[in-house]
Amino acid sequence: MNPLATWGERRRTRPPRREPELTFLRLVPGTSPMHRLWAGTKILVAAALALLVSISPSWAMIGVAGAIVVLELLFGRIPVGAFPRLPNWFYGLLAVSALLSLWSSTEPVVHLGGIALSMGGLEEWARFTVLAVVLVVSGAVIGWTTPLGEIAPALARLGRPLRWLRVPVDEWALAVALAIRCLPLLIDEIRMLGAARRLRTHDNEHRAPKAAVQRVLVEMHDLMATAIVASIRRARDLADAIEARGGLGGSTAFDGARAGLADAVVLVATTAVCVVSLAVLHL
Amino acid sequence: MRPRSTHRAHGRLTAGELAEAVVLADLSLALTVVGQVVPLGGALLIAAVVPLAVVAARHRLRAVIAGAIAASAVGFLVIGSAAFTSLAACAALGALVGAADRRGWTRRKTMFVGLSVLWPIAAVVTDVLLFLFSDLRQLVLDQVRNGWRGLLHVLRNVGLDRIADAGEHALSWVITNWWLSVPIVLFFLIWFGIWLAEGLSGPALRRVRNAFGAPVAEIGVGGGDGDGGDPDPLPVTLRDVRYRYPNAPHDALIGIDMSMSRGELVAIVGANGSGKSTLARLLAGRRAPTAGTIERPGPVGLGRIGGTAIVFQRPEAQVLGVRVRDDVVWGMTDTRDIDVDAVLDRVGLRELADRETSTLSGGELQRLAMAAALARRPAFLISDESTAMVDAEGRAQLVGIMGSLASDDGIGVAHVTHRAAEAGAADRIVTLDHGRVVATPARLRGEEVTDVVHRIASNQGQPIITLEGVGHVYSRGTPWANRALENVDLAIRAGEAVVLVGHNGSGKSTLAWILAGLVTPSEGRALLGEEPAADRVGRVGLSFQHARLQVLRPTVLEEVRGAARVDTLVARASLATVGLNPNEFAGRRVDELSGGQLRRVVLAGVVASHPRALVLDEPFAGLDADGRAELDGLLTNLRRRHHLAIVIVSHDLDLPAGLVDRVVELESGRIARDEPIDDVLGVQEREARP
């Protein structure tokens, strides 16, 4: 059951369309070479790709990163349906920004029937958008192919060197584990709050803009305060549960999964591809 | 005077600090993610500061950092590296606003401190990053330039040439001198951010302070008796124990004398508010008595091997692991000599060892909590109302397990409950009333004796809600597609009372949301009168099981007025209808009410808005015998006087007799039966006879 699905369900009477829905952090059922990799490997790959395109956001590097992401998707057997479905106005806003870039008079400019269209602006807009998409998908694919319980232990192990700098890595790993554990409960609560707010909408509301703005502001404050009070109560239950298990003393970042040969191959290959493509571009 | 936190210790975070930091940081993360994909999401991005400001106001900076790190790590998997910048900014602003609130700074001082501390750091870090990643900087700045030029082009076309020229000029200066212009922009962004964050956080911080005060340190694990020595909690003897909560006007417990030893199952029975949960806390060593003595041979050892274990009331709140197997050993240092499968077998969950905990039912979660307790081989097990939120079948299983733990494993089990029926299995019963131990009556007052049958002729008039061939699939078209309902035909008529029963995952919650118009079914039609139910949200009242999420305004009267959009007079009248004296309750803050009282406040709001029908989700869960009788009377009254159709969603048919007249049972999303309740109960009685 996906709580986020209700976002778009208001006032829609035509059901056959798929509703807007965020599908991050949900394991795609089944198994695949990607599913079997160690979670830390996948995190390192995503970080490497982010670094690569940050150093050089050219089409060539975006292409390399994009190719790696596509490989990940193929090896992870991710169906098209797994991608998040965004609401229409999101694409609308994207189109508006593309339109503005077209009018930006950045060279080269093409004249089409008396209208100056900036191809340079459009190219930069496209590069920026594709880069953002590649980065988001490179992170999302981790969530699609990794059981949530394996992420925090992997992060703990990756962060182990930081212990020498007296950074409280274990505390943070514990926090990540709890954050992942609490997210479904939180999403459920947000869904409930949204429903509670909708149940109060009445037909006889005054539509004066000023009153409406004021109402929205009061509502926002109320919803925020209610969400926070409910969260603190839940945090207390959580703390009770932790203390009933003997407190935070024990190590909890128990990493059952181990990095294997496949992980080594993937890491070496990714590093090689990144380094080589950067070198080729800059020499 | 602002209350100051009583423990601002150094060193590792306590469980309470970490839990609050993480849960609130999760809320920040959710707002950040939604802010990225929602129109005008910028407002939400700045709202994401508020939860972290609350953390900072109540706890150390270390907690804010841990929370922000956790949220960014999770956020990285959702929106990529944008999560880092976004949450770092939220954490910085939150830490500032929280600290200002804690120290009672004026707005001017907050602004001054913020700009003089945050701005230089932000400016330097941003400039260095932009310098290092020069190509990315180029792309981003070009992006800004192109967008602006496009806008200027629009301005020229509408004849505002002079503004456009000036804009063009300024723009090229900004782009060439990025190392200077970016910090200048940052200065104004931070200034605006602090101003907004203060305004947004104020109300939330006030309400949190009213609801909770400053965080109070619980006695550390081990019950204040230090970690010295091996735990040895039993036998325990209480002599003339008295307990009063800090700032409370009355004692919660008075003159308690009792003892417990190994191998005993003791039921601690009492109505809501009789002090039985406080007694459980004292037994667990989490509170020290105000007067009197508690004697034990050794330390309580909460959560330690051979010590004390507790199972709490709310099933979903106690789970710490993502998978069943992980949850059993969560928090244990040495897991090598623990046979997880054997422990799970003991509570009948062996087949579920690799399932994710979020897919378990309430009863299964409570048994999992018991398995986690058993893995620590406790000498003393405390069940603090662990059966209150579980269906009849789950309750029977839990009580059975507790009985065998006492008789077979020699564990001392204290089972706190408001259900007299469960006490029957105990070796001994301790009955509490208003904080005192009273003589256990020969025949316990239980659910089975308080029910008075009252018949109302149900009106077989016009249907109010009609479902025609309704089906619903969540996440349709994704790998997670999940059918909740299939081909449901149902008509709810005026004045009728229907109970909707089914197990977890049978689709009854989805059906309830469809009846209330909150979910548009993906197949078939849901009609309220002649219109689609989804177009008339609010005309069917819905009360959640977890009422606290439905009460949005800070005081009772404001809540009822806001929920129904009625004036004070009507709101007070409907408070009286639901049995809350308006003179006593109208001005009360919602955060200080009990769960049962909150449910009534919600009902008052629903009744005042004159709904056509009323849907209640598990209204009797967690209520004691008196609470059940009162709610029963209230619902019957609503049917009789207001001629409302009532739909009760429930795990089982354990309802006051005569309240409902029709049973609709769901099984895997389909209606398995739809009959008058007399037929159903009649069959059950016949089956029960030997």
# chains A, B, ... in the order shown; residues from 1 in each chain; ligands from 1
>>> select_by_dssp(residues="segment 66-169 of chain A", states="alpha helix (DSSP H)", output="ChimeraX atom specification")
/A:66-75,88-102,119-145,151-158,169
>>> select_by_dssp(residues="segment 79-240 of chain B", states="strand (DSSP E or B)", output="list in words")
Val236, Thr237, Leu238, Arg239 and Asp240 of chain B
>>> residues_around(residues="Leu25 of chain A", least_positions_apart="5", cutoff="8 Å", atoms="only C-alpha atoms", output="PDB file with N, CA and C atoms, in the first residue's frame")
ATOM      1  N   ALA A 140      18.257   6.524  -6.871  1.00  0.00           N
ATOM      2  CA  ALA A 140      17.021   5.753  -6.720  1.00  0.00           C
ATOM      3  C   ALA A 140      17.265   4.270  -6.939  1.00  0.00           C
ATOM      4  N   ILE A 142      19.607   2.461  -6.071  1.00  0.00           N
ATOM      5  CA  ILE A 142      20.065   1.787  -4.842  1.00  0.00           C
ATOM      6  C   ILE A 142      18.855   1.314  -4.049  1.00  0.00           C
ATOM      7  N   GLY A 143      17.895   2.219  -3.867  1.00  0.00           N
ATOM      8  CA  GLY A 143      16.708   1.867  -3.101  1.00  0.00           C
ATOM      9  C   GLY A 143      15.891   0.768  -3.765  1.00  0.00           C
ATOM     10  N   TRP A 144      15.889   0.744  -5.120  1.00  0.00           N
ATOM     11  CA  TRP A 144      15.097  -0.262  -5.823  1.00  0.00           C
ATOM     12  C   TRP A 144      15.708  -1.650  -5.734  1.00  0.00           C
ATOM     13  N   LEU A 148      15.993  -2.385   2.632  1.00  0.00           N
ATOM     14  CA  LEU A 148      16.289  -1.196   3.435  1.00  0.00           C
ATOM     15  C   LEU A 148      17.194  -1.492   4.618  1.00  0.00           C
TER      16      LEU A 148
ATOM     17  N   LEU B  77      19.336   8.785  -1.189  1.00  0.00           N
ATOM     18  CA  LEU B  77      18.757   7.690  -1.955  1.00  0.00           C
ATOM     19  C   LEU B  77      17.457   8.099  -2.627  1.00  0.00           C
ATOM     20  N   VAL B  78      16.963   9.292  -2.315  1.00  0.00           N
ATOM     21  CA  VAL B  78      15.688   9.709  -2.881  1.00  0.00           C
ATOM     22  C   VAL B  78      15.881  10.819  -3.909  1.00  0.00           C
TER      23      VAL B  78
END
>>> interface_residues(of="chain B", to="chain A", cutoff="6 Å", atoms="only C-alpha atoms", output="JSON, numbers by chain")
{"B": [15, 16, 19, 20, 22, 66, 70, 77, 78, 79, 80, 133, 135, 136, 146, 147, 149, 150, 204, 302, 303, 304, 310, 317, 318, 322, 331, 332, 333, 474, 477, 478, 522, 537, 538, 549, 550, 552, 553, 563]}
>>> residues_around(residues="Val438 of chain B", least_positions_apart="5", cutoff="12 Å", atoms="only C-alpha atoms", output="VMD selection string")
chain B and resid 254 to 258 268 to 270 274 429 to 433
>>> write_last_selection(atoms="C-alpha atoms", output="PDB file, in the first residue's frame")
ATOM      1  CA  ILE B 254      -1.108   4.984  47.117  1.00  0.00           C
ATOM      2  CA  GLY B 255       0.019   2.428  49.695  1.00  0.00           C
ATOM      3  CA  ILE B 256       0.818  -0.422  47.320  1.00  0.00           C
ATOM      4  CA  ASP B 257       1.877  -3.679  48.981  1.00  0.00           C
ATOM      5  CA  MET B 258       2.595  -6.580  46.677  1.00  0.00           C
ATOM      6  CA  ILE B 268      -2.606  -6.354  37.191  1.00  0.00           C
ATOM      7  CA  VAL B 269      -6.155  -5.270  36.392  1.00  0.00           C
ATOM      8  CA  GLY B 270      -7.843  -1.899  36.523  1.00  0.00           C
ATOM      9  CA  SER B 274      -6.288   3.411  37.759  1.00  0.00           C
ATOM     10  CA  ILE B 429      -4.822 -11.010  40.283  1.00  0.00           C
ATOM     11  CA  VAL B 430      -3.931  -7.571  41.622  1.00  0.00           C
ATOM     12  CA  THR B 431      -6.836  -5.175  41.108  1.00  0.00           C
ATOM     13  CA  LEU B 432      -6.174  -1.441  41.142  1.00  0.00           C
ATOM     14  CA  ASP B 433      -8.725   1.310  41.614  1.00  0.00           C
TER      15      ASP B 433
END
>>> atom_distance(atom1="atom CA of Gly273 of chain B", atom2="atom CA of Glu385 of chain B")
12.5 Å
>>> residues_around(residues="Glu592 of chain B", least_positions_apart="3", cutoff="8 Å", atoms="only C-alpha atoms", output="PyMOL selection string")
chain B and resi 211+588-589
>>> write_last_selection(atoms="C-alpha atoms", output="PDB file, in the first residue's frame")
ATOM      1  CA  ALA B 211       2.527  19.728  25.459  1.00  0.00           C
ATOM      2  CA  ARG B 588      -8.533  22.480  27.672  1.00  0.00           C
ATOM      3  CA  ARG B 589      -5.447  21.973  25.525  1.00  0.00           C
TER       4      ARG B 589
END
>>> atom_distance(atom1="atom CA of Leu528 of chain B", atom2="atom CA of Arg565 of chain B")
21.3 Å
>>> residues_around(residues="segment 350-359 of chain B", least_positions_apart="4", cutoff="9 Å", atoms="only C-alpha atoms", output="list in words")
Gly149, Arg181, Pro184 and Leu185 of chain A; Glu316, Val319, Leu320, Gly321, Val322, Arg323, Val324, Arg325, Asp326, Asp327, Val340, Asp341, Ala342, Val343, Leu344, Asp345, Arg346 and Leu365 of chain B
>>> residues_around(residues="segment 485-502 of chain B", least_positions_apart="2", cutoff="8 Å", atoms="only C-alpha atoms", output="compact mmCIF listing (two decimals) with N, CA and C atoms, in the first residue's frame")
# COMPACT_ATOMS: atom_id res chain seq x y z
N SER B 458 -34.15 -0.81 12.56
CA SER B 458 -33.33 -0.13 11.57
C SER B 458 -34.22 0.28 10.40
N ASN B 459 -33.93 1.46 9.90
CA ASN B 459 -34.73 2.02 8.83
C ASN B 459 -34.20 1.49 7.52
N GLN B 460 -35.01 0.76 6.82
CA GLN B 460 -34.55 0.25 5.54
C GLN B 460 -34.94 1.24 4.44
N GLY B 461 -34.57 2.49 4.62
CA GLY B 461 -34.96 3.54 3.68
C GLY B 461 -33.97 3.68 2.55
N GLN B 462 -33.82 4.92 2.11
CA GLN B 462 -32.95 5.21 0.99
C GLN B 462 -31.50 4.90 1.35
N PRO B 463 -30.78 4.29 0.43
CA PRO B 463 -29.35 4.12 0.69
C PRO B 463 -28.64 5.49 0.69
N ILE B 464 -27.70 5.68 1.63
CA ILE B 464 -26.93 6.91 1.68
C ILE B 464 -25.66 6.76 0.85
N ILE B 465 -24.96 5.68 1.11
CA ILE B 465 -23.73 5.41 0.34
C ILE B 465 -23.94 4.14 -0.47
N THR B 466 -23.60 4.20 -1.73
CA THR B 466 -23.75 3.03 -2.58
C THR B 466 -22.42 2.73 -3.27
N LEU B 467 -21.96 1.52 -3.13
CA LEU B 467 -20.76 1.09 -3.88
C LEU B 467 -21.21 0.10 -4.95
N GLU B 468 -20.78 0.35 -6.18
CA GLU B 468 -21.14 -0.54 -7.28
C GLU B 468 -19.89 -1.08 -7.94
N GLY B 469 -19.66 -2.36 -7.78
CA GLY B 469 -18.50 -3.01 -8.41
C GLY B 469 -17.18 -2.35 -8.09
N VAL B 470 -17.02 -1.92 -6.84
CA VAL B 470 -15.83 -1.16 -6.47
C VAL B 470 -14.61 -2.07 -6.30
N GLY B 471 -13.52 -1.66 -6.93
CA GLY B 471 -12.25 -2.35 -6.73
C GLY B 471 -11.17 -1.30 -6.59
N HIS B 472 -10.08 -1.63 -5.90
CA HIS B 472 -9.01 -0.65 -5.81
C HIS B 472 -7.65 -1.33 -5.82
N VAL B 473 -6.76 -0.76 -6.61
CA VAL B 473 -5.39 -1.27 -6.69
C VAL B 473 -4.45 -0.12 -6.33
N ARG B 483 -3.51 -5.21 -4.97
CA ARG B 483 -4.98 -5.10 -5.00
C ARG B 483 -5.52 -5.13 -3.58
N ASN B 504 -6.09 -7.91 9.19
CA ASN B 504 -5.17 -6.94 8.61
C ASN B 504 -4.98 -7.28 7.14
N SER B 506 -7.20 -7.10 4.80
CA SER B 506 -8.39 -7.59 4.12
C SER B 506 -9.01 -6.50 3.27
N GLY B 507 -8.55 -5.27 3.40
CA GLY B 507 -9.08 -4.17 2.60
C GLY B 507 -10.08 -3.32 3.34
N LYS B 508 -10.28 -3.57 4.65
CA LYS B 508 -11.33 -2.81 5.33
C LYS B 508 -10.97 -1.35 5.52
N THR B 510 -9.12 0.47 3.44
CA THR B 510 -9.31 1.08 2.13
C THR B 510 -10.80 1.34 1.90
N LEU B 511 -11.62 0.34 2.25
CA LEU B 511 -13.06 0.49 2.06
C LEU B 511 -13.58 1.67 2.89
N GLY B 524 -15.11 0.74 -10.66
CA GLY B 524 -16.46 0.87 -10.12
C GLY B 524 -16.76 2.27 -9.62
N ARG B 612 -23.85 12.83 6.87
CA ARG B 612 -24.92 11.89 6.47
C ARG B 612 -24.67 10.53 7.08
N ALA B 613 -23.41 10.22 7.28
CA ALA B 613 -23.05 8.91 7.83
C ALA B 613 -21.75 9.07 8.61
N ARG B 639 -27.59 7.40 16.55
CA ARG B 639 -28.45 6.72 15.59
C ARG B 639 -29.89 7.10 15.80
N ARG B 640 -30.30 7.09 17.08
CA ARG B 640 -31.70 7.29 17.39
C ARG B 640 -32.11 8.74 17.13
N HIS B 643 -30.45 9.99 13.45
CA HIS B 643 -30.73 9.09 12.35
C HIS B 643 -29.52 8.92 11.42
N LEU B 644 -28.35 8.83 12.02
CA LEU B 644 -27.11 8.66 11.25
C LEU B 644 -26.93 7.20 10.87
N ALA B 645 -26.33 6.98 9.72
CA ALA B 645 -25.86 5.63 9.41
C ALA B 645 -24.48 5.49 10.03
N ILE B 646 -24.23 4.37 10.67
CA ILE B 646 -22.95 4.18 11.36
C ILE B 646 -22.24 2.95 10.82
N VAL B 647 -20.97 3.12 10.44
CA VAL B 647 -20.16 1.99 9.99
C VAL B 647 -18.99 1.86 10.95
N ILE B 648 -18.87 0.72 11.61
CA ILE B 648 -17.77 0.49 12.53
C ILE B 648 -16.78 -0.48 11.88
N VAL B 649 -15.52 -0.06 11.78
CA VAL B 649 -14.49 -0.93 11.22
C VAL B 649 -13.81 -1.62 12.38
N SER B 650 -13.72 -2.95 12.33
CA SER B 650 -13.19 -3.67 13.49
C SER B 650 -12.48 -4.94 13.09
N HIS B 651 -11.52 -5.34 13.93
CA HIS B 651 -10.83 -6.61 13.72
C HIS B 651 -11.77 -7.79 13.93
N ASP B 652 -12.67 -7.64 14.90
CA ASP B 652 -13.48 -8.79 15.29
C ASP B 652 -14.87 -8.33 15.69
N LEU B 653 -15.71 -9.28 16.10
CA LEU B 653 -17.10 -8.96 16.46
C LEU B 653 -17.24 -8.71 17.96
N LEU B 659 -25.44 -3.16 19.42
CA LEU B 659 -24.99 -1.89 18.82
C LEU B 659 -25.15 -1.89 17.31
N VAL B 660 -24.75 -2.99 16.68
CA VAL B 660 -24.85 -3.03 15.23
C VAL B 660 -25.89 -4.07 14.82
N ASP B 661 -26.46 -3.89 13.62
CA ASP B 661 -27.43 -4.89 13.20
C ASP B 661 -27.03 -5.62 11.92
N ARG B 662 -25.84 -5.31 11.39
CA ARG B 662 -25.46 -6.00 10.16
C ARG B 662 -23.95 -6.22 10.17
N VAL B 663 -23.51 -7.37 9.69
CA VAL B 663 -22.09 -7.69 9.62
C VAL B 663 -21.66 -7.81 8.17
N VAL B 664 -20.62 -7.05 7.80
CA VAL B 664 -20.03 -7.21 6.48
C VAL B 664 -18.61 -7.68 6.70
N GLU B 665 -18.30 -8.89 6.23
CA GLU B 665 -16.96 -9.40 6.46
C GLU B 665 -16.16 -9.38 5.17
N LEU B 666 -14.96 -8.83 5.24
CA LEU B 666 -14.08 -8.78 4.08
C LEU B 666 -13.01 -9.84 4.20
N GLU B 667 -12.72 -10.49 3.06
CA GLU B 667 -11.62 -11.44 3.04
C GLU B 667 -10.84 -11.20 1.77
N SER B 668 -9.57 -10.89 1.88
CA SER B 668 -8.70 -10.56 0.74
C SER B 668 -9.41 -9.67 -0.27
N GLY B 669 -10.02 -8.60 0.20
CA GLY B 669 -10.56 -7.60 -0.69
C GLY B 669 -11.95 -7.88 -1.24
N ARG B 670 -12.54 -9.03 -0.90
CA ARG B 670 -13.89 -9.33 -1.36
C ARG B 670 -14.83 -9.45 -0.17
N ILE B 671 -16.12 -9.23 -0.43
CA ILE B 671 -17.09 -9.40 0.65
C ILE B 671 -17.35 -10.89 0.82
>>> closest_residue(among="A:Val216, A:Val266, A:Leu131, A:Val276", to="Leu71 of chain A", atoms="only C-alpha atoms")
A:Val266
